[in-house]
$ cat run-v1.txt   # compact mmCIF, C-alpha atoms
# COMPACT_ATOMS: atom_id res chain seq x y z
CA MET S 1 0.00 0.00 0.00
CA GLN S 2 2.80 2.35 0.96
CA ASP S 3 4.66 1.60 -2.30
CA ALA S 4 1.53 2.31 -4.32
CA LEU S 5 1.07 5.67 -2.58
CA THR S 6 4.73 6.50 -3.19
CA ARG S 7 4.45 5.69 -6.90
CA ALA S 8 1.22 7.67 -7.17
CA GLY S 9 2.88 10.64 -5.48
CA ARG S 10 5.84 10.50 -7.86
CA ALA S 11 3.54 10.24 -10.87
CA LEU S 12 1.47 13.20 -9.67
CA ARG S 13 4.62 15.22 -9.09
CA ALA S 14 5.90 14.36 -12.57
CA VAL S 15 2.60 15.38 -14.17
CA LEU S 16 2.60 18.64 -12.23
CA LEU S 17 6.19 19.43 -13.25
CA VAL S 18 5.45 18.69 -16.91
CA ALA S 19 2.36 20.95 -16.79
CA LEU S 20 4.34 23.77 -15.19
CA ALA S 21 7.14 23.33 -17.72
CA LEU S 22 4.66 23.59 -20.60
CA LEU S 23 3.17 26.74 -19.11
CA PHE S 24 6.66 28.19 -18.77
CA LEU S 25 7.42 27.41 -22.43
CA ILE S 26 4.26 29.04 -23.81
CA PRO S 27 5.85 32.52 -24.21
CA PHE S 28 8.80 30.99 -26.06
CA TYR S 29 6.43 29.11 -28.35
CA LEU S 30 4.52 32.30 -29.11
CA LEU S 31 7.76 34.13 -29.89
CA LEU S 32 8.93 31.40 -32.25
CA ARG S 33 5.54 30.92 -33.90
CA ASN S 34 4.91 34.62 -34.56
CA ALA S 35 8.51 35.34 -35.54
CA LEU S 36 8.22 32.90 -38.43
CA ALA S 37 4.71 33.93 -39.45
CA SER S 38 3.39 36.58 -41.79
CA GLU S 39 1.36 39.58 -40.65
CA SER S 40 -1.85 37.91 -41.85
CA ASP S 41 -1.07 34.72 -39.89
CA ILE S 42 -0.44 36.69 -36.69
CA THR S 43 -3.64 38.73 -36.94
CA ALA S 44 -5.84 35.95 -38.35
CA PRO S 45 -9.10 35.40 -36.41
CA SER S 46 -8.52 31.61 -36.34
CA TRP S 47 -5.52 30.26 -34.51
CA THR S 48 -3.14 27.67 -35.95
CA PHE S 49 -0.43 25.94 -33.96
CA PHE S 50 2.11 26.89 -36.65
CA PRO S 51 1.57 28.82 -39.88
CA SER S 52 1.35 26.78 -43.06
CA ARG S 53 4.45 28.50 -44.38
CA LEU S 54 7.45 29.48 -42.27
CA HIS S 55 8.91 32.84 -43.27
CA TRP S 56 12.62 32.48 -42.49
CA SER S 57 13.24 35.72 -44.37
CA ASN S 58 11.84 37.53 -41.33
CA LEU S 59 15.19 36.99 -39.61
CA SER S 60 17.15 38.88 -42.25
CA GLU S 61 14.45 41.53 -42.52
CA VAL S 62 15.08 42.65 -38.96
CA PHE S 63 18.73 43.38 -39.72
CA THR S 64 17.99 45.19 -42.99
CA ASP S 65 15.25 47.48 -41.64
CA PRO S 66 16.63 51.06 -41.93
CA ASN S 67 14.47 52.22 -39.02
CA LEU S 68 15.76 49.52 -36.65
CA PRO S 69 19.56 49.36 -36.11
CA MET S 70 19.31 45.86 -34.66
CA ALA S 71 22.91 44.82 -35.33
CA ARG S 72 24.24 47.98 -33.72
CA ALA S 73 21.84 47.62 -30.80
CA LEU S 74 23.01 44.06 -30.18
CA LEU S 75 26.63 45.20 -30.23
CA ASN S 76 25.90 48.06 -27.83
CA SER S 77 23.99 45.81 -25.43
CA SER S 78 26.80 43.25 -25.52
CA LEU S 79 29.47 45.85 -24.79
CA ILE S 80 27.44 47.44 -22.01
CA ALA S 81 26.44 44.13 -20.39
CA VAL S 82 29.96 42.66 -20.50
CA SER S 83 31.62 45.88 -19.31
CA THR S 84 29.10 46.35 -16.52
CA THR S 85 29.43 42.73 -15.42
CA VAL S 86 33.24 42.73 -15.34
CA GLY S 87 33.47 46.14 -13.66
CA THR S 88 30.78 45.40 -11.06
CA VAL S 89 32.20 41.99 -10.16
CA VAL S 90 35.74 43.35 -9.76
CA LEU S 91 34.75 46.41 -7.71
CA ALA S 92 32.17 44.62 -5.56
CA SER S 93 34.45 41.63 -4.86
CA LEU S 94 37.32 43.89 -3.82
CA ALA S 95 35.01 45.88 -1.55
CA GLY S 96 33.46 42.73 -0.11
CA TYR S 97 36.85 41.15 0.54
CA GLY S 98 38.13 44.30 2.21
CA LEU S 99 35.09 44.54 4.47
CA ALA S 100 35.29 40.85 5.38
CA ARG S 101 39.03 40.41 5.89
CA ILE S 102 40.98 43.64 6.32
CA PRO S 103 40.93 44.82 9.97
CA TYR S 104 39.39 48.26 10.17
CA ARG S 105 37.64 49.83 13.14
CA HIS S 106 34.84 51.35 11.10
CA ALA S 107 34.33 48.41 8.72
CA SER S 108 30.85 47.68 10.12
CA VAL S 109 29.82 51.32 9.79
CA VAL S 110 30.94 51.37 6.15
CA PHE S 111 29.15 48.07 5.48
CA TYR S 112 25.84 49.25 6.95
CA ALA S 113 26.16 52.54 5.07
CA ILE S 114 26.49 50.53 1.84
CA LEU S 115 23.45 48.47 2.80
CA GLY S 116 21.57 51.70 3.49
CA THR S 117 21.87 52.68 -0.15
CA LEU S 118 19.66 49.69 -1.03
CA MET S 119 16.79 51.48 0.72
CA VAL S 120 17.11 54.58 -1.48
CA PRO S 121 14.73 54.35 -4.48
CA ALA S 122 16.43 54.54 -7.86
CA ALA S 123 14.11 57.42 -8.82
CA VAL S 124 15.72 59.59 -6.14
CA THR S 125 19.21 59.32 -7.64
CA PHE S 126 18.17 59.19 -11.29
CA VAL S 127 18.05 62.93 -11.96
CA PRO S 128 21.30 63.77 -10.10
CA SER S 129 23.03 60.94 -11.97
CA PHE S 130 21.76 62.26 -15.29
CA VAL S 131 22.91 65.80 -14.48
CA LEU S 132 26.37 64.52 -13.55
CA VAL S 133 26.69 62.40 -16.70
CA SER S 134 25.47 65.32 -18.83
CA THR S 135 27.95 67.69 -17.19
CA LEU S 136 30.80 65.29 -17.95
CA GLY S 137 29.71 65.14 -21.59
CA TRP S 138 28.98 61.42 -21.48
CA ILE S 139 25.57 61.51 -23.18
CA SER S 140 25.30 58.80 -25.89
CA THR S 141 28.67 57.33 -24.90
CA LEU S 142 29.70 53.96 -23.52
CA ARG S 143 31.09 55.66 -20.41
CA GLY S 144 27.77 57.29 -19.64
CA LEU S 145 25.92 54.01 -20.06
CA VAL S 146 28.33 51.89 -18.03
CA VAL S 147 30.20 53.86 -15.34
CA PRO S 148 27.18 54.99 -13.24
CA THR S 149 25.94 51.37 -13.05
CA LEU S 150 29.19 49.80 -11.84
CA PHE S 151 28.58 50.27 -8.12
CA SER S 152 26.24 47.63 -6.71
CA ALA S 153 25.51 47.46 -2.99
CA PHE S 154 23.79 44.11 -3.47
CA ALA S 155 26.85 42.57 -5.15
CA CYS S 156 29.10 43.97 -2.42
CA PHE S 157 26.84 42.43 0.23
CA VAL S 158 26.87 39.02 -1.46
CA PHE S 159 30.66 38.99 -1.77
CA ARG S 160 31.18 40.15 1.80
CA GLN S 161 28.94 37.43 3.18
CA TYR S 162 30.69 34.81 1.04
CA PHE S 163 34.18 35.88 2.10
CA LEU S 164 33.18 35.78 5.77
CA GLY S 165 32.70 32.03 5.34
CA PHE S 166 35.79 31.54 3.20
CA PRO S 167 38.35 29.13 4.81
CA GLN S 168 40.71 31.29 6.85
CA GLU S 169 43.35 28.54 6.75
CA LEU S 170 43.98 29.07 3.04
CA GLU S 171 44.67 32.75 3.61
CA ASP S 172 46.86 32.04 6.63
CA ALA S 173 48.96 29.69 4.50
CA ALA S 174 49.32 32.46 1.93
CA ARG S 175 50.47 34.86 4.65
CA VAL S 176 53.14 32.38 5.70
CA ASP S 177 54.39 32.36 2.11
CA GLY S 178 54.70 36.14 2.25
CA LEU S 179 51.60 37.14 0.29
CA GLY S 180 49.79 40.34 1.22
CA TYR S 181 46.09 41.02 0.98
CA TRP S 182 46.23 41.94 -2.71
CA ARG S 183 48.14 38.86 -3.88
CA THR S 184 46.17 36.61 -1.53
CA TYR S 185 42.95 37.89 -3.06
CA TRP S 186 44.04 37.26 -6.66
CA ARG S 187 45.98 34.01 -6.18
CA ILE S 188 44.02 32.25 -3.43
CA VAL S 189 40.54 33.74 -2.99
CA VAL S 190 39.47 34.36 -6.59
CA PRO S 191 40.36 30.88 -7.96
CA ASN S 192 38.46 29.24 -5.07
CA ALA S 193 35.41 31.50 -5.23
CA ARG S 194 34.26 30.83 -8.77
CA PRO S 195 30.64 29.94 -7.82
CA VAL S 196 29.90 33.31 -6.22
CA PHE S 197 31.68 35.17 -9.02
CA ALA S 198 29.62 33.29 -11.60
CA ALA S 199 26.38 33.83 -9.65
CA VAL S 200 26.87 37.56 -9.18
CA GLY S 201 28.15 37.94 -12.74
CA THR S 202 25.07 36.20 -14.14
CA ILE S 203 22.67 38.35 -12.14
CA VAL S 204 24.50 41.56 -13.11
CA PHE S 205 24.67 40.54 -16.77
CA ILE S 206 20.93 39.83 -16.95
CA GLY S 207 20.15 43.13 -15.23
CA ALA S 208 22.46 45.11 -17.53
CA TRP S 209 21.08 43.44 -20.65
CA ASN S 210 17.47 44.10 -19.63
CA ALA S 211 18.07 47.71 -18.49
CA PHE S 212 15.79 50.14 -20.27
CA LEU S 213 15.24 53.51 -18.55
CA TRP S 214 18.89 54.55 -18.12
CA PRO S 215 19.93 53.54 -21.68
CA LEU S 216 16.80 55.27 -23.00
CA VAL S 217 17.73 58.58 -21.36
CA ILE S 218 21.50 58.46 -21.89
CA GLY S 219 21.60 56.80 -25.32
CA GLN S 220 19.91 59.64 -27.16
CA ASP S 221 21.61 59.02 -30.51
CA GLN S 222 20.46 56.05 -32.55
CA SER S 223 24.05 54.79 -32.65
CA ALA S 224 23.92 54.39 -28.84
CA TRP S 225 20.65 52.45 -28.67
CA THR S 226 20.57 49.15 -26.84
CA VAL S 227 18.36 46.20 -27.74
CA GLN S 228 15.68 47.20 -25.24
CA VAL S 229 15.55 50.77 -26.56
CA ALA S 230 15.41 49.50 -30.14
CA LEU S 231 12.51 47.21 -29.24
CA SER S 232 10.62 50.11 -27.68
CA THR S 233 10.48 51.84 -31.08
CA PHE S 234 7.94 49.22 -32.18
CA THR S 235 5.43 50.48 -29.60
CA THR S 236 5.76 54.07 -30.79
CA ALA S 237 5.83 53.40 -34.53
CA GLN S 238 2.83 54.43 -36.58
CA ASN S 239 2.89 51.20 -38.57
CA LEU S 240 3.44 48.27 -36.22
CA ASN S 241 5.38 45.46 -37.89
CA LEU S 242 4.39 42.51 -35.73
CA HIS S 243 6.60 39.80 -37.20
CA GLU S 244 9.70 42.02 -36.87
CA LEU S 245 8.77 42.77 -33.28
CA PHE S 246 8.60 39.06 -32.42
CA VAL S 247 11.84 38.29 -34.30
CA ALA S 248 13.68 41.11 -32.53
CA ALA S 249 12.28 40.07 -29.15
CA GLY S 250 13.34 36.47 -29.75
CA ILE S 251 16.86 37.52 -30.76
CA SER S 252 17.15 39.74 -27.70
CA ILE S 253 16.57 36.89 -25.24
CA VAL S 254 19.00 34.43 -26.84
CA PRO S 255 22.08 35.75 -24.94
CA LEU S 256 20.18 35.61 -21.64
CA VAL S 257 19.05 32.04 -22.22
CA VAL S 258 22.56 30.94 -23.17
CA VAL S 259 24.16 32.62 -20.15
CA PHE S 260 21.54 31.24 -17.79
CA LEU S 261 21.80 27.68 -19.12
CA LEU S 262 25.60 27.71 -18.88
CA LEU S 263 25.79 29.22 -15.39
CA GLN S 264 22.53 28.25 -13.67
CA ARG S 265 24.21 25.77 -11.33
CA TYR S 266 26.57 28.48 -10.13
CA ILE S 267 23.70 30.82 -9.29
CA VAL S 268 22.26 28.43 -6.70
CA ALA S 269 25.69 27.40 -5.37
CA GLY S 270 26.98 30.95 -5.11
CA VAL S 271 23.93 32.45 -3.43
CA GLU S 272 23.66 29.44 -1.10
CA ARG S 273 27.26 29.83 0.07
CA SER S 274 26.91 33.58 0.55
CA GLY S 275 24.17 33.29 3.17
CA ILE S 276 24.24 35.64 6.12
CA ASP S 277 26.82 34.35 8.54
CA ASP S 278 28.33 36.85 10.95
$ encode --input "run-v1.txt" --output "structure tokens"
Amino acid sequence: MQDALTRAGRALRAVLLVALALLFLIPFYLLLRNALASESDITAPSWTFFPSRLHWSNLSEVFTDPNLPMARALLNSSLIAVSTTVGTVVLASLAGYGLARIPYRHASVVFYAILGTLMVPAAVTFVPSFVLVSTLGWISTLRGLVVPTLFSAFACFVFRQYFLGFPQELEDAARVDGLGYWRTYWRIVVPNARPVFAAVGTIVFIGAWNAFLWPLVIGQDQSAWTVQVALSTFTTAQNLNLHELFVAAGISIVPLVVVFLLLQRYIVAGVERSGIDD
């Protein structure tokens, strides 16, 4: 009887997981279906699982549309996301390591001040940040899109909590060999902290790729548009080209899916190991 209940429970769980997976995949199916359909297929009153004819030319049409600099937008988003990820991870990890390991009387005060910035709404600092970037002449430049986003209190917090639980013995052995804090960080800590680096890097990359409001305001020239800003032009265009919209949206999520699939195991491992532990 117990075995039968166990098997029934496993079967029910499997059915539930399959149903949830199918629900999760519905948006991806709609993207793929409409990206390869014609305008008439998308707006047809009767629904078909897939159009009778797949329009693969829609893919090339997105990159040849003179009103949509998709190739340039993809390049800009890639540069911004990679630069933001590398810069944020380096700065936040150095700050987190310093707060966790370097003796300093006011380290706790500095740490709680950094945490306090998480309580300040982004809308409060948006206008001052824009004025500063404008004064520096960074409008529609990579510096203006990247530099103001490099400082993440959340990433600093995650690294600090992780380094608090890092094996002290490894660092003590490095001290015996004559390594200082800087060389210990690069030679001992970084190689052994790959999960948290990958987790924070993935989260930062996804956030930078999906950012919309800051790139919209700073990237005023078409040459500085990101993918998200380019996609927003579809909602303001007088003639809405639906199949191009779905193709562009599908292309825009490919890098995120690839990054997530490659590094998803590190996200769980890194966040799990960086739990609060004072």
$ closest_residue --input "run-v1.txt" --among "S:Ala155, S:Ile139, S:Val82, S:Ala173" --to "Leu118 of chain S" --atoms "only C-alpha atoms"
S:Ala155
$ residues_around --input "run-v1.txt" --residues "Pro255 of chain S" --least-positions-apart "4" --cutoff "12 Å" --atoms "all atoms listed in the file" --output "list in words"
Leu74, Leu75, Ser77, Ser78, Ala81, Val82, Thr202, Phe205, Ile206, Ala208, Trp209, Asn210, Val227, Ala249, Gly250, Ile251, Val259, Phe260, Leu261 and Leu262 of chain S
$ write_last_selection --input "run-v1.txt" --atoms "C-alpha atoms" --output "mmCIF file, in the frame of the given file"
data_model
loop_
_atom_site.group_PDB
_atom_site.id
_atom_site.type_symbol
_atom_site.label_atom_id
_atom_site.label_comp_id
_atom_site.auth_asym_id
_atom_site.auth_seq_id
_atom_site.Cartn_x
_atom_site.Cartn_y
_atom_site.Cartn_z
ATOM 1 C CA LEU S 74 23.010 44.060 -30.180
ATOM 2 C CA LEU S 75 26.630 45.200 -30.230
ATOM 3 C CA SER S 77 23.990 45.810 -25.430
ATOM 4 C CA SER S 78 26.800 43.250 -25.520
ATOM 5 C CA ALA S 81 26.440 44.130 -20.390
ATOM 6 C CA VAL S 82 29.960 42.660 -20.500
ATOM 7 C CA THR S 202 25.070 36.200 -14.140
ATOM 8 C CA PHE S 205 24.670 40.540 -16.770
ATOM 9 C CA ILE S 206 20.930 39.830 -16.950
ATOM 10 C CA ALA S 208 22.460 45.110 -17.530
ATOM 11 C CA TRP S 209 21.080 43.440 -20.650
ATOM 12 C CA ASN S 210 17.470 44.100 -19.630
ATOM 13 C CA VAL S 227 18.360 46.200 -27.740
ATOM 14 C CA ALA S 249 12.280 40.070 -29.150
ATOM 15 C CA GLY S 250 13.340 36.470 -29.750
ATOM 16 C CA ILE S 251 16.860 37.520 -30.760
ATOM 17 C CA VAL S 259 24.160 32.620 -20.150
ATOM 18 C CA PHE S 260 21.540 31.240 -17.790
ATOM 19 C CA LEU S 261 21.800 27.680 -19.120
ATOM 20 C CA LEU S 262 25.600 27.710 -18.880
#
$ closest_residue --input "run-v1.txt" --among "S:Met70, S:Val247, S:Cys156, S:Ala8" --to "His55 of chain S" --atoms "all atoms listed in the file"
S:Val247
$ atom_distance --input "run-v1.txt" --atom1 "atom CA of Val176 of chain S" --atom2 "atom CA of Ile188 of chain S"
12.9 Å
$ closest_residue --input "run-v1.txt" --among "S:Leu256, S:Ser60, S:Arg187, S:Gly96" --to "Gly207 of chain S" --atoms "only C-alpha atoms"
S:Leu256
$ atom_distance --input "run-v1.txt" --atom1 "atom CA of Arg143 of chain S" --atom2 "atom CA of Pro195 of chain S"
28.6 Å
$ atom_distance --input "run-v1.txt" --atom1 "atom CA of Phe157 of chain S" --atom2 "atom CA of Thr125 of chain S"
20.1 Å
$ closest_residue --input "run-v1.txt" --among "S:Leu12, S:Leu115, S:Leu240, S:Ala123" --to "Val158 of chain S" --atoms "all atoms listed in the file"
S:Leu115
$ residues_around --input "run-v1.txt" --residues "Tyr185 of chain S" --least-positions-apart "4" --cutoff "12 Å" --atoms "all atoms listed in the file" --output "list in words"
Val90, Ser93, Leu94, Ala95, Gly96, Tyr97, Gly98, Ala100, Arg101, Ile102, Phe163, Phe166, Leu170, Glu171, Asp172, Ala174, Arg175, Leu179, Gly180, Tyr181, Val189, Val190, Pro191, Asn192 and Ala193 of chain S
$ closest_residue --input "run-v1.txt" --among "S:Leu245, S:Val62, S:Leu31, S:Val86" --to "Leu150 of chain S" --atoms "only C-alpha atoms"
S:Val86
$ residues_around --input "run-v1.txt" --residues "Met119 of chain S" --least-positions-apart "6" --cutoff "12 Å" --atoms "all atoms listed in the file" --output "PDB file with C-alpha atoms, in the frame of the given file"
ATOM      1  CA  TYR S 112      25.840  49.250   6.950  1.00  0.00           C
ATOM      2  CA  ALA S 113      26.160  52.540   5.070  1.00  0.00           C
ATOM      3  CA  THR S 125      19.210  59.320  -7.640  1.00  0.00           C
ATOM      4  CA  ALA S 153      25.510  47.460  -2.990  1.00  0.00           C
ATOM      5  CA  PHE S 154      23.790  44.110  -3.470  1.00  0.00           C
TER       6      PHE S 154
END
$ closest_residue --input "run-v1.txt" --among "S:Leu17, S:Val229, S:Ala44, S:Ala199" --to "Val217 of chain S" --atoms "all atoms listed in the file"
S:Val229
$ residues_around --input "run-v1.txt" --residues "segment 24-28 of chain S" --least-positions-apart "2" --cutoff "12 Å" --atoms "all atoms listed in the file" --output "list in words"
Leu17, Val18, Ala19, Leu20, Ala21, Leu22, Leu30, Leu31, Leu32, Arg33, Asn34, Ala35, Phe49, Phe246, Val247, Ala249, Gly250, Ile251, Ile253, Val254 and Val257 of chain S
$ closest_atom_pairs --input "run-v1.txt" --of "segment 141-243 of chain S" --to "segment 39-43 of chain S" --cutoff "10 Å" --atoms "all atoms listed in the file" --output "JSON lines"
{"residue": "S:Leu240", "atom": "CA", "partner": "S:Glu39", "partner_atom": "CA", "distance": 10.0}
{"residue": "S:Asn241", "atom": "CA", "partner": "S:Glu39", "partner_atom": "CA", "distance": 7.6}
{"residue": "S:Leu242", "atom": "CA", "partner": "S:Glu39", "partner_atom": "CA", "distance": 6.5}
{"residue": "S:His243", "atom": "CA", "partner": "S:Glu39", "partner_atom": "CA", "distance": 6.3}
$ residues_around --input "run-v1.txt" --residues "Asn76 of chain S" --least-positions-apart "2" --cutoff "9 Å" --atoms "only C-alpha atoms" --output "compact mmCIF listing (two decimals) with C-alpha atoms, in the coordinates of the input"
# COMPACT_ATOMS: atom_id res chain seq x y z
CA ALA S 71 22.91 44.82 -35.33
CA ARG S 72 24.24 47.98 -33.72
CA ALA S 73 21.84 47.62 -30.80
CA LEU S 74 23.01 44.06 -30.18
CA SER S 78 26.80 43.25 -25.52
CA LEU S 79 29.47 45.85 -24.79
CA ILE S 80 27.44 47.44 -22.01
CA ALA S 81 26.44 44.13 -20.39
CA LEU S 142 29.70 53.96 -23.52
CA SER S 223 24.05 54.79 -32.65
CA ALA S 224 23.92 54.39 -28.84
CA TRP S 225 20.65 52.45 -28.67
CA THR S 226 20.57 49.15 -26.84
CA VAL S 227 18.36 46.20 -27.74
$ decode --input "run-v1.txt" --residues "segment 51-77 of chain S" --atoms "C-alpha atoms" --output "CSV table (one decimal), in the first residue's frame"
chain,number,residue,atom,x,y,z
S,51,PRO,CA,1.6,28.8,-39.9
S,52,SER,CA,1.4,26.8,-43.1
S,53,ARG,CA,4.4,28.5,-44.4
S,54,LEU,CA,7.5,29.5,-42.3
S,55,HIS,CA,8.9,32.8,-43.3
S,56,TRP,CA,12.6,32.5,-42.5
S,57,SER,CA,13.2,35.7,-44.4
S,58,ASN,CA,11.8,37.5,-41.3
S,59,LEU,CA,15.2,37.0,-39.6
S,60,SER,CA,17.1,38.9,-42.2
S,61,GLU,CA,14.4,41.5,-42.5
S,62,VAL,CA,15.1,42.7,-39.0
S,63,PHE,CA,18.7,43.4,-39.7
S,64,THR,CA,18.0,45.2,-43.0
S,65,ASP,CA,15.3,47.5,-41.6
S,66,PRO,CA,16.6,51.1,-41.9
S,67,ASN,CA,14.5,52.2,-39.0
S,68,LEU,CA,15.8,49.5,-36.7
S,69,PRO,CA,19.6,49.4,-36.1
S,70,MET,CA,19.3,45.9,-34.7
S,71,ALA,CA,22.9,44.8,-35.3
S,72,ARG,CA,24.2,48.0,-33.7
S,73,ALA,CA,21.8,47.6,-30.8
S,74,LEU,CA,23.0,44.1,-30.2
S,75,LEU,CA,26.6,45.2,-30.2
S,76,ASN,CA,25.9,48.1,-27.8
S,77,SER,CA,24.0,45.8,-25.4
